[in-house]
Each structure stands twice: as C-alpha cells, then as structure tokens.
Amino acid sequence: MASTFESIEKEIANRTLQPVYLLKGEEAYYLKLLADKFEKSILDESEADFNLSVFYGKDASMEQIMLTAKQYPVMSPYRIVILKEAQMMDKRELSKIERYLMKPLPTTVLVIVNNGKDFPQALATKIGKVGNVFDSKKPYDNQVVAWIDSYVKQQGYTIEQQASVLMFEYIGNNLQNISNEISKLIVNLSDRRSITLADVSEHIGISKEYNIFELQNAIAGFNQEKINSIVDYFEANPKENPMALILSSLFNYFVKLLIVSQLPDKSNNAVSQALNISPYFAKDYILPAQRFTMDKIIRNIALIKDCDLKTKGVDSAAVTNEYELLKELVYKLIH
C-alpha cells in the first residue's frame, strides 16, 4: 500500500512493521531519514550485531539479499535487511525479489531504498501488495521557504525570513542540500540561536550586495547602474551565480508581479496570501507591479523565456558568453 513519511515513521516508533518497504523518489532527504530510522531505531546495539544487514545495489546480488532475509532473527523480534541505492542494481537482478515477495518472512523487515523515479512500476505494485511503498516527491517551490523555517525550528533555532528566501533562491528545492547547508550554518553560530541573512551570505557564499534579490530590486527601481554592477559581479563569479538560477528567479519574479497586478486588493495581507509569502515581503511586489504595466510584465516574461532558450542554443548561434545575453536582457526589462 502507498504510505506517507509520517505513517512509516509511526510504524517504526510503534514497532508495527510490515515485512517489506520500498522507499523511492526524487527527494533524497526523506529517503535517507527513513532509511536511517530503520537502520538505527529498531534494534539496539547488541541486536544489530546479529540482525542488521545493509547491502548496496552496485555490489550486492539479490540471491544474497533474499538468503539473508529468509534467516530468522537471533535474540530479537526482528531482522532488518536494507538494500540501499537500489537504482544502481541491474533491473533484471532487481526483479528476482519477486520470488521473495510471494512469501516474505514476517520476522524480517526488508527495506529497499531507490533514489530517483526509475524503479519498475510493476515491481513497486507487487511490493505494495505485501508491504508499504513510499514515494518521496520534491516539494513545490512555494513550500520550500516554510519547510526551511520549520526545519530550523526543529533544530532549536530561528531564521530570518529573508535568509530563508535567499537559501531557497540559491539552493533550490533539494531538501537534502538545504539541510546540509543549515547544519553548516548552525555549527558556525557559536552561542547564537538565530540564523541571519548575514550568516547565509557569509557561509553559503552569497554576496550581501550582489545577489538575485538586489538585482530584482534594481530592476524594479529602474536602476541601470546598479543592474550593471550586479551583472558584472555575476559574470565574475559564475559558479556562485549560474545563469539557469538567475533566469529562473527572474521568471518567477515577473510571474509574481503579474499575479499581483491582477489582484483587486493589493494590501500586504492579500498579496502575501496570493503569493504564499510572508507579509513582510509583500511590499517587494506591490510597488513594482504598479511601476510595470501588465503588457510590459507579460513582455518581460517572454523576454526571459527567450533568453533562456538562447543560453541553451535554441534559435541562436553558439553562445560564447551567456552573461552578455543577460546584460542585453536586463536592459530590455526596464526599457
């Protein structure tokens, strides 16, 4: 049956375990978290010595895994058998697990962890008939900032709203990468309990003055001089400012302006609800949505999409310097 992260977490805590679990999907964060819980939360240290087996898809054989799974636990109610990185196993080898699924041992908990979407659907369906299947999906972009806030709070800290947004803009929606970066930030806080925008800028390698937010603000203020200096900085530091990230952020920015421009109520609360953002940031969209006409916002969205295609070589000669395309784009956005 299909399960959620919370339901499997509860089964582990209550020891109401299924004989087989398939943990698959694109978001590695939840897969790793559950795999760690199966590995470390069910058996105590003495039990694990005799009843915990961990295999890796690149090196293991399914015959070896099934043979281990068919063994009864020693001085423990469960034997835990975990296959990690199942996506690295040949699909024909992986399919041999069907023989075990016909009569899984109730005292064994077999956990298959597959990073990615390529797990055979027919096999997943068969696993679901005798156990649980969890599909770990990447969060939508509008969910990530709230996730960052919640995750930091769970660690016993707080984070400034703009710091959360900046992390999302530069890291994206990969929760595993975000959690890793937050761990680094916390280590560098010393005795403080709050993560600031300055912390994110310093430890994740984002300039306080030359970042995507400052570029958006400069575009909203029609400040060509500031725009040029930011783009020059981006060009000089391409690894920290990849073109795909810049264009994606600009595209999302103007899409939000388009939404705001059509709202009958442009109060902070109405805008924050429409964009699913903190009311603190609503002002960053209300005034620009008034400065740009709706036609110009729509035109700018089209310009950004066109620039993105050109950086990928579509309808354009080979691009030797994509930041020249960016300079041309930002000039058009305000003229």
# chains A, B, ... in the order shown; residues from 1 in each chain; ligands from 1
call {"tool": "residues_around", "arguments": {"residues": "range 191-203 of chain A", "least_positions_apart": "6", "cutoff": "7 Å", "atoms": "only C-alpha atoms", "output": "list in words"}}
result
Tyr157, Thr158, Ile159, Glu160, Gln162, Ala163 and Leu185 of chain A
call {"tool": "select_by_dssp", "arguments": {"residues": "range 76-308 of chain A", "states": "strand (DSSP E or B)", "output": "MDAnalysis selection string"}}
result
chainID A and resid 79:84 108:116 132:136 158:159 194:195
call {"tool": "residues_around", "arguments": {"residues": "Lys103 in chain A", "least_positions_apart": "2", "cutoff": "10 Å", "atoms": "only C-alpha atoms", "output": "PyMOL selection string"}}
result
chain A and resi 19+70+98-101+105-106+130
call {"tool": "closest_residue", "arguments": {"among": "A:Arg15, A:Arg79, A:Lys10, A:His335", "to": "Phe292 in chain A", "atoms": "only C-alpha atoms"}}
result
A:His335
call {"tool": "atom_distance", "arguments": {"atom1": "CA of Phe222 in chain A", "atom2": "CA of Ile286 in chain A"}}
result
15.3 Å
call {"tool": "residues_around", "arguments": {"residues": "Leu52 in chain A", "least_positions_apart": "3", "cutoff": "9 Å", "atoms": "only C-alpha atoms", "output": "number ranges by chain"}}
result
A: 39, 43, 47-49, 79-82
call {"tool": "write_last_selection", "arguments": {"atoms": "N, CA and C atoms", "output": "short mmCIF file (atom, residue, chain, number, x, y, z; two decimals), in the first residue's frame"}}
result
data_model
loop_
_atom_site.label_atom_id
_atom_site.label_comp_id
_atom_site.auth_asym_id
_atom_site.auth_seq_id
_atom_site.Cartn_x
_atom_site.Cartn_y
_atom_site.Cartn_z
N GLU A 39 17.53 1.60 10.17
CA GLU A 39 18.85 1.06 10.49
C GLU A 39 19.21 1.25 11.97
N LEU A 43 16.57 -1.85 16.27
CA LEU A 43 17.41 -2.79 17.01
C LEU A 43 18.36 -2.03 17.93
N GLU A 47 21.53 -6.28 19.49
CA GLU A 47 20.68 -6.95 18.50
C GLU A 47 21.18 -6.72 17.09
N ALA A 48 21.66 -5.50 16.83
CA ALA A 48 22.11 -5.14 15.48
C ALA A 48 23.31 -5.97 15.04
N ASP A 49 24.14 -6.38 16.01
CA ASP A 49 25.32 -7.17 15.66
C ASP A 49 24.96 -8.44 14.90
N ARG A 79 14.65 -9.12 12.19
CA ARG A 79 15.88 -8.99 11.41
C ARG A 79 15.64 -7.86 10.42
N ILE A 80 16.57 -6.92 10.34
CA ILE A 80 16.45 -5.78 9.43
C ILE A 80 17.43 -5.96 8.28
N VAL A 81 16.89 -5.98 7.06
CA VAL A 81 17.72 -6.11 5.86
C VAL A 81 17.44 -4.90 4.97
N ILE A 82 18.49 -4.13 4.67
CA ILE A 82 18.32 -2.88 3.91
C ILE A 82 19.13 -2.94 2.62
#
call {"tool": "atom_distance", "arguments": {"atom1": "CA of Thr4 in chain A", "atom2": "CA of Val165 in chain A"}}
result
26.8 Å
call {"tool": "closest_residue", "arguments": {"among": "A:Glu324, A:Glu225, A:Tyr285, A:Ala2", "to": "Thr125 in chain A", "atoms": "only C-alpha atoms"}}
result
A:Ala2
call {"tool": "closest_residue", "arguments": {"among": "A:Ile259, A:Ile334, A:Ala244, A:Ile171", "to": "Asn223 in chain A", "atoms": "only C-alpha atoms"}}
result
A:Ile334
